[in-house]
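Peer 1: The file below is work28.cif, mmCIF, C-alpha atoms:
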```
data_start
loop_
_atom_site.label_atom_id
_atom_site.label_comp_id
_atom_site.auth_asym_id
_atom_site.auth_seq_id
_atom_site.Cartn_x
_atom_site.Cartn_y
_atom_site.Cartn_z
CA MET A 1 -63.62 12.59 -9.57
CA GLN A 2 -61.13 11.11 -12.02
CA ALA A 3 -61.54 11.80 -15.74
CA PRO A 4 -62.18 8.71 -17.87
CA SER A 5 -59.11 7.46 -19.72
CA THR A 6 -59.07 7.86 -23.46
CA THR A 7 -57.16 6.07 -26.16
CA SER A 8 -54.20 7.63 -27.93
CA THR A 9 -54.88 9.69 -31.04
CA ARG A 10 -51.59 8.54 -32.62
CA PRO A 11 -52.91 5.35 -34.34
CA TYR A 12 -55.84 7.28 -35.80
CA LEU A 13 -53.59 10.07 -37.09
CA VAL A 14 -51.12 7.57 -38.58
CA ARG A 15 -53.94 5.75 -40.38
CA ALA A 16 -55.42 9.05 -41.60
CA MET A 17 -52.05 10.23 -42.95
CA TYR A 18 -51.50 6.82 -44.57
CA ASP A 19 -54.91 7.04 -46.27
CA TRP A 20 -54.17 10.61 -47.42
CA CYS A 21 -50.89 9.43 -49.00
CA VAL A 22 -52.61 6.55 -50.79
CA ASP A 23 -55.54 8.73 -51.95
CA ASN A 24 -53.07 11.24 -53.44
CA ASN A 25 -50.92 8.60 -55.18
CA CYS A 26 -48.03 9.22 -52.81
CA THR A 27 -45.73 6.71 -51.14
CA PRO A 28 -46.18 6.62 -47.34
CA PHE A 29 -42.94 6.35 -45.33
CA ILE A 30 -42.66 6.04 -41.55
CA VAL A 31 -39.69 7.07 -39.41
CA VAL A 32 -39.14 4.71 -36.48
CA ALA A 33 -36.99 5.28 -33.41
CA VAL A 34 -35.45 1.84 -32.88
CA ASP A 35 -35.12 0.23 -29.46
CA GLY A 36 -35.64 -3.25 -28.01
CA THR A 37 -39.41 -3.15 -28.66
CA VAL A 38 -39.04 -2.66 -32.43
CA ARG A 39 -38.66 -5.64 -34.77
CA VAL A 40 -36.85 -4.46 -37.92
CA PRO A 41 -33.74 -5.59 -39.81
CA GLN A 42 -31.00 -4.18 -37.58
CA GLU A 43 -28.52 -3.95 -40.45
CA PHE A 44 -30.58 -1.07 -41.88
CA VAL A 45 -30.79 0.95 -38.65
CA GLN A 46 -28.73 4.14 -38.69
CA ASN A 47 -28.34 6.58 -35.81
CA GLY A 48 -31.05 4.76 -33.88
CA GLU A 49 -33.72 5.17 -36.54
CA ILE A 50 -35.01 3.50 -39.66
CA VAL A 51 -37.24 4.83 -42.43
CA LEU A 52 -39.66 2.29 -43.87
CA ASN A 53 -41.72 2.37 -47.05
CA VAL A 54 -45.17 1.16 -45.94
CA SER A 55 -46.89 1.38 -49.32
CA MET A 56 -48.98 -1.55 -50.53
CA GLY A 57 -46.39 -2.29 -53.22
CA ALA A 58 -43.55 -2.59 -50.70
CA THR A 59 -45.40 -4.55 -48.02
CA SER A 60 -47.60 -7.56 -47.59
CA SER A 61 -50.16 -8.20 -44.83
CA LEU A 62 -49.96 -4.57 -43.65
CA SER A 63 -51.82 -3.97 -40.39
CA LEU A 64 -52.05 -0.44 -38.97
CA GLY A 65 -53.39 -1.38 -35.54
CA ASN A 66 -53.90 0.65 -32.39
CA ASP A 67 -50.75 -0.72 -30.75
CA TYR A 68 -48.49 -1.94 -33.57
CA ILE A 69 -47.77 -1.49 -37.26
CA GLU A 70 -47.07 -4.97 -38.62
CA PHE A 71 -46.22 -6.17 -42.11
CA LYS A 72 -43.98 -8.40 -44.18
CA ALA A 73 -41.40 -6.96 -46.55
CA ARG A 74 -38.34 -8.06 -48.49
CA PHE A 75 -34.94 -6.68 -47.56
CA GLY A 76 -32.08 -7.78 -49.77
CA GLY A 77 -34.34 -10.44 -51.25
CA VAL A 78 -35.10 -11.94 -47.83
CA ALA A 79 -38.67 -11.82 -46.47
CA ARG A 80 -38.85 -10.25 -43.00
CA ASP A 81 -41.62 -9.77 -40.46
CA ILE A 82 -41.71 -6.15 -39.25
CA CYS A 83 -43.38 -5.06 -36.03
CA VAL A 84 -43.27 -1.46 -34.81
CA PRO A 85 -45.02 -0.22 -31.65
CA LEU A 86 -46.98 2.94 -32.52
CA GLY A 87 -45.18 4.82 -29.75
CA ARG A 88 -41.88 4.41 -31.63
CA VAL A 89 -43.19 6.03 -34.85
CA SER A 90 -41.77 9.55 -34.92
CA ALA A 91 -43.19 10.58 -38.32
CA ILE A 92 -45.25 9.54 -41.30
CA TYR A 93 -44.87 11.42 -44.56
CA ALA A 94 -45.30 11.25 -48.32
CA ARG A 95 -42.02 10.56 -50.12
CA GLU A 96 -42.99 12.65 -53.13
CA ASN A 97 -43.65 15.96 -51.37
CA GLY A 98 -42.51 15.53 -47.74
CA GLN A 99 -45.94 16.39 -46.34
CA GLY A 100 -46.76 14.51 -43.18
CA MET A 101 -46.92 14.51 -39.42
CA THR A 102 -44.38 14.15 -36.65
CA PHE A 103 -44.93 12.68 -33.20
CA PRO A 104 -42.99 12.67 -29.96
CA VAL A 105 -41.34 9.29 -29.39
CA GLU A 106 -42.62 7.46 -26.34
CA THR A 107 -39.98 5.88 -24.13
CA ALA A 108 -40.34 2.18 -23.43
CA SER A 109 -40.60 1.00 -19.86
CA PRO A 110 -38.81 -2.18 -18.71
CA ASP A 111 -42.20 -3.93 -18.78
CA ASP A 112 -42.68 -2.89 -22.42
CA LEU A 113 -39.31 -4.44 -23.28
CA LEU A 114 -40.34 -7.71 -21.61
CA ARG A 115 -43.70 -7.74 -23.43
CA ALA A 116 -42.18 -6.83 -26.81
CA LYS A 117 -42.66 -9.31 -29.59
CA PRO A 118 -39.47 -11.33 -30.06
CA ALA A 119 -36.86 -9.76 -32.32
CA ILE A 120 -36.25 -11.36 -35.68
CA ALA A 121 -32.97 -13.07 -36.35
CA ARG A 122 -30.60 -11.24 -38.63
CA SER A 123 -29.94 -13.13 -41.83
CA PRO A 124 -26.19 -13.44 -42.44
CA THR A 125 -26.74 -13.66 -46.20
CA ALA A 126 -28.97 -10.60 -46.52
CA ALA A 127 -27.33 -7.83 -48.50
CA PRO A 128 -28.92 -4.42 -49.09
CA GLU A 129 -30.80 -4.10 -52.37
CA SER A 130 -29.78 -1.45 -54.85
CA THR A 131 -33.12 0.28 -54.22
CA PRO A 132 -34.15 -0.69 -50.68
CA PRO A 133 -37.58 0.32 -49.37
CA LEU A 134 -35.96 2.47 -46.67
CA ARG A 135 -33.42 5.24 -46.19
CA ALA A 136 -31.13 4.01 -43.44
CA ILE A 137 -28.25 1.83 -44.59
CA VAL A 138 -26.12 -0.01 -41.99
CA THR A 139 -25.25 -0.19 -38.32
CA PRO A 140 -21.71 0.01 -36.93
CA ASP A 141 -21.81 -3.79 -36.51
CA ASP A 142 -22.06 -4.20 -40.29
CA SER A 143 -19.43 -1.58 -41.14
CA ALA A 144 -16.69 -4.22 -41.04
CA LYS A 145 -18.19 -5.90 -44.11
CA ASP A 146 -16.41 -3.75 -46.71
CA THR A 147 -17.19 -6.27 -49.45
CA ASP A 148 -20.96 -5.58 -49.29
CA PRO A 149 -22.17 -2.94 -51.78
CA LYS A 150 -23.64 0.11 -50.04
CA PRO A 151 -26.68 1.69 -51.71
CA PRO A 152 -26.67 5.50 -51.83
CA THR A 153 -28.58 7.33 -49.11
CA PRO A 154 -31.30 9.52 -50.62
CA PRO A 155 -31.71 12.98 -49.10
CA ARG A 156 -34.03 13.18 -46.12
CA PRO A 157 -37.23 14.97 -47.10
CA SER A 158 -38.44 17.89 -45.06
CA LEU A 159 -41.80 17.63 -43.36
CA LYS A 160 -44.52 20.18 -43.90
CA ARG A 161 -47.30 20.74 -41.41
CA VAL A 162 -50.71 19.72 -42.76
CA LYS A 163 -53.50 21.82 -41.31
#
```
In structure tokens, how does this file's structure come out?
Peer 2:
Amino acid sequence: MQAPSTTSTRPYLVRAMYDWCVDNNCTPFIVVAVDGTVRVPQEFVQNGEIVLNVSMGATSSLSLGNDYIEFKARFGGVARDICVPLGRVSAIYARENGQGMTFPVETASPDDLLRAKPAIARSPTAAPESTPPLRAIVTPDDSAKDTDPKPPTPPRPSLKRVK
């Protein structure tokens, strides 16, 4: 007899950690492993990951669903639609104290890549803000633009296990 399939605990844990951050007046950040299924501004991806501020003040229309985290945010003054499959979220933590949770990153199958929501077009006029809502700065593709100001990279917070 085959055991009944259950849903992933990841979306529930992400929502719980998000709520804990908000309840404790902390700023929730997510770390995302970027691949073809993730829709984020590619110019801010560094070393295959991006850190996003998902607080209510930094986002609009935030949806923490069972399959995707979706929201709108401004990057360099340009509004962008962000869509992250939950399987690509490797951590959620509070910026102020580093407390949070980490998750193993799920690998995308070729079918997942075909079903992925279409990637957003990169805006050629978008420049990083002086205080962007994320930690990663640029990709190698953008490194040739020496005239663009580069915001400083804040130190990466350490994660503490919450029991």
Peer 1: Report as a short mmCIF file (atom, residue, chain, number, x, y, z; two decimals) with C-alpha atoms, in the coordinates of the input all protein, DNA and RNA residues lying within 7 Å of A:Arg88, evaluated on only C-alpha atoms, omitting residues in the same chain fewer than 4 positions from it.
Peer 2:
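Okay, this is what ended up in around-v8.cif:
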```cif
data_model
loop_
_atom_site.label_atom_id
_atom_site.label_comp_id
_atom_site.auth_asym_id
_atom_site.auth_seq_id
_atom_site.Cartn_x
_atom_site.Cartn_y
_atom_site.Cartn_z
CA VAL A 32 -39.14 4.71 -36.48
CA ALA A 33 -36.99 5.28 -33.41
CA VAL A 84 -43.27 -1.46 -34.81
CA VAL A 105 -41.34 9.29 -29.39
CA GLU A 106 -42.62 7.46 -26.34
#
```
Peer 1: Just the number, please: distance in Å from atom CA of A:Gly77 to atom CA of A:Ile30, one decimal.
Peer 2: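 A separation of 20.9 Å between them.
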Peer 1: From the set A:Leu13, A:Ala94, A:Ile69, A:Asn25, which residue has the shortest atom-to-atom contact distance to A:Asp81, counting all atoms listed in the file?
Peer 2: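 Smallest distance to A:Asp81 is found for A:Ile69.
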Peer 1: To one decimal place in Å, what is the distance between atom CA of A:Trp20 and atom CA of A:Ala91?
Peer 2: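 Interatomic distance here is 14.3 Å.
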Peer 1: For the structure shown, which residues end up in the PyMOL selection byres ((chain A and resi 82) around 7)? Put them as a list in words, please?
Peer 2: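 On the file shown, the PyMOL selection byres ((chain A and resi 82) around 7) covers Arg39, Val40, Glu70, Phe71, Lys72, Arg80, Asp81, Cys83 and Val84 of chain A.
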Peer 1: Take the selection from the previous step and output its residues with C-alpha atoms, as an mmCIF file, in the coordinates of the input.
Peer 2:
```cif
data_model
loop_
_atom_site.group_PDB
_atom_site.id
_atom_site.type_symbol
_atom_site.label_atom_id
_atom_site.label_comp_id
_atom_site.auth_asym_id
_atom_site.auth_seq_id
_atom_site.Cartn_x
_atom_site.Cartn_y
_atom_site.Cartn_z
ATOM 1 C CA ARG A 39 -38.660 -5.640 -34.770
ATOM 2 C CA VAL A 40 -36.850 -4.460 -37.920
ATOM 3 C CA GLU A 70 -47.070 -4.970 -38.620
ATOM 4 C CA PHE A 71 -46.220 -6.170 -42.110
ATOM 5 C CA LYS A 72 -43.980 -8.400 -44.180
ATOM 6 C CA ARG A 80 -38.850 -10.250 -43.000
ATOM 7 C CA ASP A 81 -41.620 -9.770 -40.460
ATOM 8 C CA CYS A 83 -43.380 -5.060 -36.030
ATOM 9 C CA VAL A 84 -43.270 -1.460 -34.810
#
```
Peer 1: Can you turn the PyMOL selection byres ((chain A and resi 49) around 8) into a concrete residue list for this file, as a ChimeraX atom specification?
Peer 2: /A:31-34,45-48,50-51,136
Peer 1: Between atom CA of A:Pro11 and atom CA of A:Gly57, what distance in Å does the model show, to one decimal?
Peer 2: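 Atom-to-atom, atom CA of A:Pro11 to atom CA of A:Gly57, that is 21.4 Å.
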Peer 1: List as a PyMOL selection string: which residues have an atom within 8 Å of (-44.0, -0.5, -45.1), counting only C-alpha atoms?
Peer 2: chain A and resi 28-30+52-56+58-59+62+71-73+133
